[in-house]
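Peer 1: The structure under discussion is supplied below as structure tokens; questions concerning it will follow.
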Amino acid sequence: EYTDSIAKRAANAKKEIRILNTSTKNDVLRLLADRLLENTQNIILENKKDIEEGKKKSLSPALLDRLLLDEKRIESLSKSVIEIMNLPD
């Protein structure tokens, strides 16, 4: 239910983003990249809860590793957003 809600919101956002001009898209992506870095510690704390929940549900160690977020992975996500921002429309 929760993931379905996220997927629906993402699909709606995709439609809205398509009509934005390049400058506005880049502003949004820059803000996302910045906020990932600014909120790293909060993201890690919340991710730990998700990992614990995954362990309770017996998710595989490989899947848990893919879900795990640490400072290095969050920084990498932020850099990836910037790379996307720099791609031509």
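Naming scheme: A, B, ... for chains in displayed order of the structure tokens; residues 1 onward per chain; ligands 1 onward as shown.
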Pick out each residue of chain A that DSSP on the backbone tags as helix (DSSP H, G or I); I need them as a ChimeraX atom specification.
Peer 2: /A:2-18,22-38,40-56,61-67,71-85
Peer 1: Need to verify the contact set: Gly54 of chain A, 12 Å, only C-alpha atoms, exclusion of same-chain residues closer than 6 positions in sequence. Can you return it as a PyMOL selection string?
Peer 2: chain A and resi 47-48+60-68
Peer 1: Rank nothing, just name the residue among A:Ala10, A:Met85, A:Ile44, A:Leu59 nearest to Leu29 of chain A, using only C-alpha atoms.
Peer 2: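 Looking only at the distances to Leu29 of chain A, the closest residue turns out to be A:Met85.
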Peer 1: Find the residue from A:Asp70, A:Ala13, A:Pro88, A:Ser58 that sits nearest to Val28 of chain A; use only C-alpha atoms when measuring.
Peer 2: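 Ranking A:Asp70, A:Ala13, A:Pro88, A:Ser58 by distance to Val28 of chain A, first place goes to A:Ala13.
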Peer 1: Taking 5 positions as the minimum chain separation for residues in the same chain, which residues sit within 10 Å of segment 35-37 of chain A when counting only C-alpha atoms? Answer as a ChimeraX atom specification.
Peer 2: /A:29-30,42-43,71,74-79,81
Peer 1: Which distance in Å separates atom CA of Thr24 of chain A and atom CA of Ala7 of chain A, to one decimal?
Peer 2: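 Distance reported for this atom pair: 22.7 Å.
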Peer 1: I'd like the interatomic distance between atom CA of Lys72 of chain A and atom CA of Glu52 of chain A, to a tenth of an Å.
Peer 2: 20.0 Å
Peer 1: Please measure the separation of atom CA of Thr3 of chain A and atom CA of Asp89 of chain A, giving the value in Å to one decimal.
Peer 2: 28.3 Å
Peer 1: Taking 3 positions as the minimum chain separation for residues in the same chain, which residues sit within 12 Å of Asp27 of chain A when counting only C-alpha atoms? Answer as a PyMOL selection string.
Peer 2: chain A and resi 17+20-24+30-34+81-82+85-86
Peer 1: Write the residues of the selection above to a file with C-alpha atoms, as an mmCIF file, in the first residue's frame.
Peer 2:
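Saved as again-v7.cif:
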data_model
loop_
_atom_site.group_PDB
_atom_site.id
_atom_site.type_symbol
_atom_site.label_atom_id
_atom_site.label_comp_id
_atom_site.auth_asym_id
_atom_site.auth_seq_id
_atom_site.Cartn_x
_atom_site.Cartn_y
_atom_site.Cartn_z
ATOM 1 C CA ILE A 17 8.383 17.337 -14.646
ATOM 2 C CA LEU A 20 9.103 22.038 -16.920
ATOM 3 C CA ASN A 21 11.753 24.040 -18.723
ATOM 4 C CA THR A 22 15.395 22.994 -18.407
ATOM 5 C CA SER A 23 16.290 25.695 -15.915
ATOM 6 C CA THR A 24 13.476 24.724 -13.556
ATOM 7 C CA ARG A 30 20.162 20.696 -7.645
ATOM 8 C CA LEU A 31 17.866 21.130 -4.648
ATOM 9 C CA LEU A 32 17.395 17.354 -4.415
ATOM 10 C CA ALA A 33 21.151 16.754 -4.532
ATOM 11 C CA ASP A 34 21.743 19.399 -1.864
ATOM 12 C CA VAL A 81 21.499 13.496 -9.408
ATOM 13 C CA ILE A 82 23.972 16.169 -10.519
ATOM 14 C CA MET A 85 21.025 17.374 -14.181
ATOM 15 C CA ASN A 86 23.924 17.789 -16.598
#
Peer 1: Which one is closest to Lys49 of chain A: A:Ser5, A:Leu87, A:Leu69, A:Asn26? Count only C-alpha atoms.
Peer 2: A:Leu69
